[in-house]
Amino acid sequence: MVALTSCGPAVIGTLGIARQDDGSLTVMIRICEESVDSIALRAINSYPVPEHDKPDDGRWASVRDELAPLPTTVIDSVDIPLPFEESSVRSDILYELMAYGQNGTAHSAYFSAADLAAVEPGFVLTPAVRASSDAVLTPPEFESRAGEACS
């Protein structure tokens, strides 16, 4: 008897998107193990079209991933400027940031243009952990959640 399984790369960390006082965005990369060396802006879904009230699957599928190498291989923690223009995030598409390494990936929260615009200076958009739906946290709260995700 043969059992077939399918699985993706291991999740090896988490990504937060922080709004700075000057309005710019920073990616807070927190790696639990291994390392990452590139980051991508990935379209993962589209929002419902008002006249049909359902997503147009072709709309998001035609959005190409934007890939950027990181300035250095990340093996622990680093904060970098968002390597993509905030204006490139469309309002009709749902996205995520994904950092890639040889042995795994790290992910951000899912977000739209409106979600990014709503992040106020001094706060971090982060993946929800466990049953909590809080996705916008202070930097210390994000650090705590990132530490929990690694344990």
# chains A, B, ... in the order shown; residues from 1 in each chain; ligands from 1
>>> closest_atom_pairs(of="region 108-148 of chain A", to="region 27-43 of chain A", cutoff="10 Å", atoms="only C-alpha atoms", output="JSON lines")
{"residue": "A:Ser108", "atom": "CA", "partner": "A:Val27", "partner_atom": "CA", "distance": 9.0}
{"residue": "A:Tyr110", "atom": "CA", "partner": "A:Ala43", "partner_atom": "CA", "distance": 9.4}
{"residue": "A:Phe111", "atom": "CA", "partner": "A:Ala43", "partner_atom": "CA", "distance": 9.6}
{"residue": "A:Ser112", "atom": "CA", "partner": "A:Ala43", "partner_atom": "CA", "distance": 9.6}
{"residue": "A:Val124", "atom": "CA", "partner": "A:Met28", "partner_atom": "CA", "distance": 8.6}
{"residue": "A:Leu125", "atom": "CA", "partner": "A:Val27", "partner_atom": "CA", "distance": 9.6}
{"residue": "A:Thr126", "atom": "CA", "partner": "A:Met28", "partner_atom": "CA", "distance": 9.4}
{"residue": "A:Pro139", "atom": "CA", "partner": "A:Met28", "partner_atom": "CA", "distance": 9.3}
{"residue": "A:Phe142", "atom": "CA", "partner": "A:Met28", "partner_atom": "CA", "distance": 9.2}
{"residue": "A:Glu143", "atom": "CA", "partner": "A:Arg30", "partner_atom": "CA", "distance": 8.4}
{"residue": "A:Ala146", "atom": "CA", "partner": "A:Arg30", "partner_atom": "CA", "distance": 6.7}
{"residue": "A:Gly147", "atom": "CA", "partner": "A:Cys32", "partner_atom": "CA", "distance": 8.2}
>>> select_by_dssp(residues="chain A", states="strand (DSSP E or B)", output="MDAnalysis selection string")
chainID A and resid 10:19 25:31 36:46 48:49 54:55 66:74 77:81 93:101 104:107 111 124:125 136:137
>>> residues_around(residues="Ala109 (chain A)", least_positions_apart="5", cutoff="10 Å", atoms="only C-alpha atoms", output="number ranges by chain")
A: 14-17, 95-98, 115, 125-128, 135-136
>>> closest_residue(among="A:Ser46, A:Ser144, A:Asn103, A:Gln20", to="Ser91 (chain A)", atoms="only C-alpha atoms")
A:Ser46
>>> atom_distance(atom1="CA of Ser87 (chain A)", atom2="CA of Thr26 (chain A)")
14.6 Å
>>> atom_distance(atom1="CA of Gln102 (chain A)", atom2="CA of Thr72 (chain A)")
14.2 Å
>>> select_by_dssp(residues="region 55-148 of chain A", states="alpha helix (DSSP H)", output="ChimeraX atom specification")
/A:57-61,113-118,139-148
>>> write_last_selection(atoms="all heavy atoms", output="short mmCIF file (atom, residue, chain, number, x, y, z; two decimals), in the first residue's frame")
data_model
loop_
_atom_site.label_atom_id
_atom_site.label_comp_id
_atom_site.auth_asym_id
_atom_site.auth_seq_id
_atom_site.Cartn_x
_atom_site.Cartn_y
_atom_site.Cartn_z
N ASP A 57 -12.27 35.17 -10.83
CA ASP A 57 -11.02 34.43 -10.66
C ASP A 57 -9.95 34.81 -11.66
O ASP A 57 -8.77 34.75 -11.37
CB ASP A 57 -11.28 32.92 -10.71
CG ASP A 57 -12.04 32.44 -9.50
OD1 ASP A 57 -11.98 33.11 -8.46
OD2 ASP A 57 -12.70 31.40 -9.59
N GLY A 58 -10.33 35.19 -12.85
CA GLY A 58 -9.34 35.57 -13.85
C GLY A 58 -8.63 36.87 -13.51
O GLY A 58 -7.51 37.09 -13.92
N ARG A 59 -9.29 37.73 -12.74
CA ARG A 59 -8.71 39.03 -12.42
C ARG A 59 -7.48 38.87 -11.55
O ARG A 59 -6.43 39.44 -11.82
CB ARG A 59 -9.77 39.89 -11.72
CG ARG A 59 -9.30 41.29 -11.42
CD ARG A 59 -10.40 42.14 -10.86
NE ARG A 59 -11.06 41.45 -9.77
CZ ARG A 59 -12.27 41.72 -9.36
NH1 ARG A 59 -12.97 42.67 -9.91
NH2 ARG A 59 -12.81 41.04 -8.37
N TRP A 60 -7.56 38.10 -10.47
CA TRP A 60 -6.38 37.97 -9.59
C TRP A 60 -5.34 37.04 -10.19
O TRP A 60 -4.15 37.23 -9.99
CB TRP A 60 -6.78 37.50 -8.18
CG TRP A 60 -7.11 36.05 -8.07
CD1 TRP A 60 -8.33 35.47 -8.20
CD2 TRP A 60 -6.20 34.99 -7.78
NE1 TRP A 60 -8.24 34.12 -8.04
CE2 TRP A 60 -6.95 33.79 -7.77
CE3 TRP A 60 -4.84 34.93 -7.54
CZ2 TRP A 60 -6.37 32.55 -7.53
CZ3 TRP A 60 -4.27 33.69 -7.31
CH2 TRP A 60 -5.03 32.52 -7.30
N ALA A 61 -5.78 36.04 -10.94
CA ALA A 61 -4.84 35.08 -11.50
C ALA A 61 -3.92 35.73 -12.53
O ALA A 61 -2.83 35.24 -12.79
CB ALA A 61 -5.58 33.91 -12.11
N ALA A 113 -5.45 47.08 -0.66
CA ALA A 113 -4.99 48.47 -0.62
C ALA A 113 -5.62 49.20 0.56
O ALA A 113 -4.95 49.98 1.25
CB ALA A 113 -5.32 49.16 -1.94
N ALA A 114 -6.89 48.95 0.83
CA ALA A 114 -7.58 49.60 1.95
C ALA A 114 -6.98 49.18 3.29
O ALA A 114 -6.87 50.00 4.21
CB ALA A 114 -9.07 49.30 1.90
N ASP A 115 -6.61 47.91 3.41
CA ASP A 115 -6.00 47.43 4.66
C ASP A 115 -4.68 48.13 4.92
O ASP A 115 -4.40 48.53 6.05
CB ASP A 115 -5.78 45.91 4.62
CG ASP A 115 -7.07 45.13 4.54
OD1 ASP A 115 -8.06 45.53 5.18
OD2 ASP A 115 -7.08 44.11 3.83
N LEU A 116 -3.85 48.28 3.89
CA LEU A 116 -2.57 48.98 4.06
C LEU A 116 -2.80 50.44 4.42
O LEU A 116 -2.13 50.98 5.31
CB LEU A 116 -1.72 48.89 2.79
CG LEU A 116 -1.04 47.57 2.50
CD1 LEU A 116 -0.17 47.70 1.26
CD2 LEU A 116 -0.23 47.07 3.67
N ALA A 117 -3.73 51.08 3.73
CA ALA A 117 -4.00 52.49 3.99
C ALA A 117 -4.51 52.71 5.42
O ALA A 117 -4.27 53.77 6.00
CB ALA A 117 -5.02 53.02 2.98
N ALA A 118 -5.18 51.72 5.99
CA ALA A 118 -5.75 51.84 7.34
C ALA A 118 -4.71 51.67 8.45
O ALA A 118 -5.00 51.98 9.61
CB ALA A 118 -6.88 50.83 7.53
N PRO A 139 4.14 47.45 17.75
CA PRO A 139 5.35 46.66 17.52
C PRO A 139 5.67 45.67 18.66
O PRO A 139 5.99 44.51 18.36
CB PRO A 139 6.44 47.71 17.34
CG PRO A 139 5.71 48.86 16.71
CD PRO A 139 4.37 48.88 17.44
N PRO A 140 5.55 46.04 19.95
CA PRO A 140 5.81 45.03 20.99
C PRO A 140 4.82 43.86 20.95
O PRO A 140 5.21 42.71 21.19
CB PRO A 140 5.67 45.82 22.30
CG PRO A 140 5.96 47.23 21.93
CD PRO A 140 5.42 47.39 20.54
N GLU A 141 3.56 44.14 20.62
CA GLU A 141 2.57 43.06 20.50
C GLU A 141 2.94 42.14 19.33
O GLU A 141 2.81 40.92 19.43
CB GLU A 141 1.17 43.62 20.31
CG GLU A 141 0.61 44.31 21.53
CD GLU A 141 -0.67 45.08 21.26
OE1 GLU A 141 -0.84 45.60 20.12
OE2 GLU A 141 -1.49 45.18 22.18
N PHE A 142 3.38 42.73 18.22
CA PHE A 142 3.82 41.93 17.09
C PHE A 142 4.99 41.03 17.47
O PHE A 142 5.02 39.85 17.15
CB PHE A 142 4.21 42.80 15.89
CG PHE A 142 4.88 42.02 14.80
CD1 PHE A 142 4.16 41.18 13.97
CD2 PHE A 142 6.25 42.11 14.61
CE1 PHE A 142 4.80 40.42 12.98
CE2 PHE A 142 6.89 41.38 13.62
CZ PHE A 142 6.16 40.54 12.80
N GLU A 143 5.98 41.61 18.18
CA GLU A 143 7.15 40.82 18.60
C GLU A 143 6.72 39.65 19.47
O GLU A 143 7.23 38.53 19.33
CB GLU A 143 8.16 41.69 19.34
CG GLU A 143 8.78 42.80 18.51
CD GLU A 143 9.64 42.32 17.35
OE1 GLU A 143 9.96 41.11 17.25
OE2 GLU A 143 9.99 43.17 16.52
N SER A 144 5.76 39.88 20.36
CA SER A 144 5.25 38.82 21.22
C SER A 144 4.59 37.72 20.40
O SER A 144 4.84 36.53 20.60
CB SER A 144 4.28 39.40 22.25
OG SER A 144 3.73 38.38 23.04
N ARG A 145 3.75 38.12 19.45
CA ARG A 145 3.06 37.14 18.58
C ARG A 145 4.08 36.38 17.72
O ARG A 145 3.93 35.18 17.52
CB ARG A 145 2.05 37.84 17.69
CG ARG A 145 0.85 38.35 18.42
CD ARG A 145 -0.38 37.52 18.05
NE ARG A 145 -1.53 38.03 18.77
CZ ARG A 145 -2.58 38.58 18.20
NH1 ARG A 145 -2.62 38.72 16.89
NH2 ARG A 145 -3.58 38.98 18.93
N ALA A 146 5.08 37.07 17.21
CA ALA A 146 6.09 36.40 16.39
C ALA A 146 6.84 35.37 17.23
O ALA A 146 7.13 34.27 16.77
CB ALA A 146 7.06 37.41 15.79
N GLY A 147 7.14 35.71 18.49
CA GLY A 147 7.79 34.77 19.39
C GLY A 147 6.92 33.57 19.68
O GLY A 147 7.41 32.43 19.71
N GLU A 148 5.62 33.79 19.89
CA GLU A 148 4.67 32.68 20.10
C GLU A 148 4.61 31.76 18.89
O GLU A 148 4.52 30.55 19.02
CB GLU A 148 3.27 33.22 20.39
CG GLU A 148 3.10 33.87 21.74
CD GLU A 148 1.74 34.50 21.91
OE1 GLU A 148 0.83 34.25 21.08
OE2 GLU A 148 1.57 35.27 22.88
#
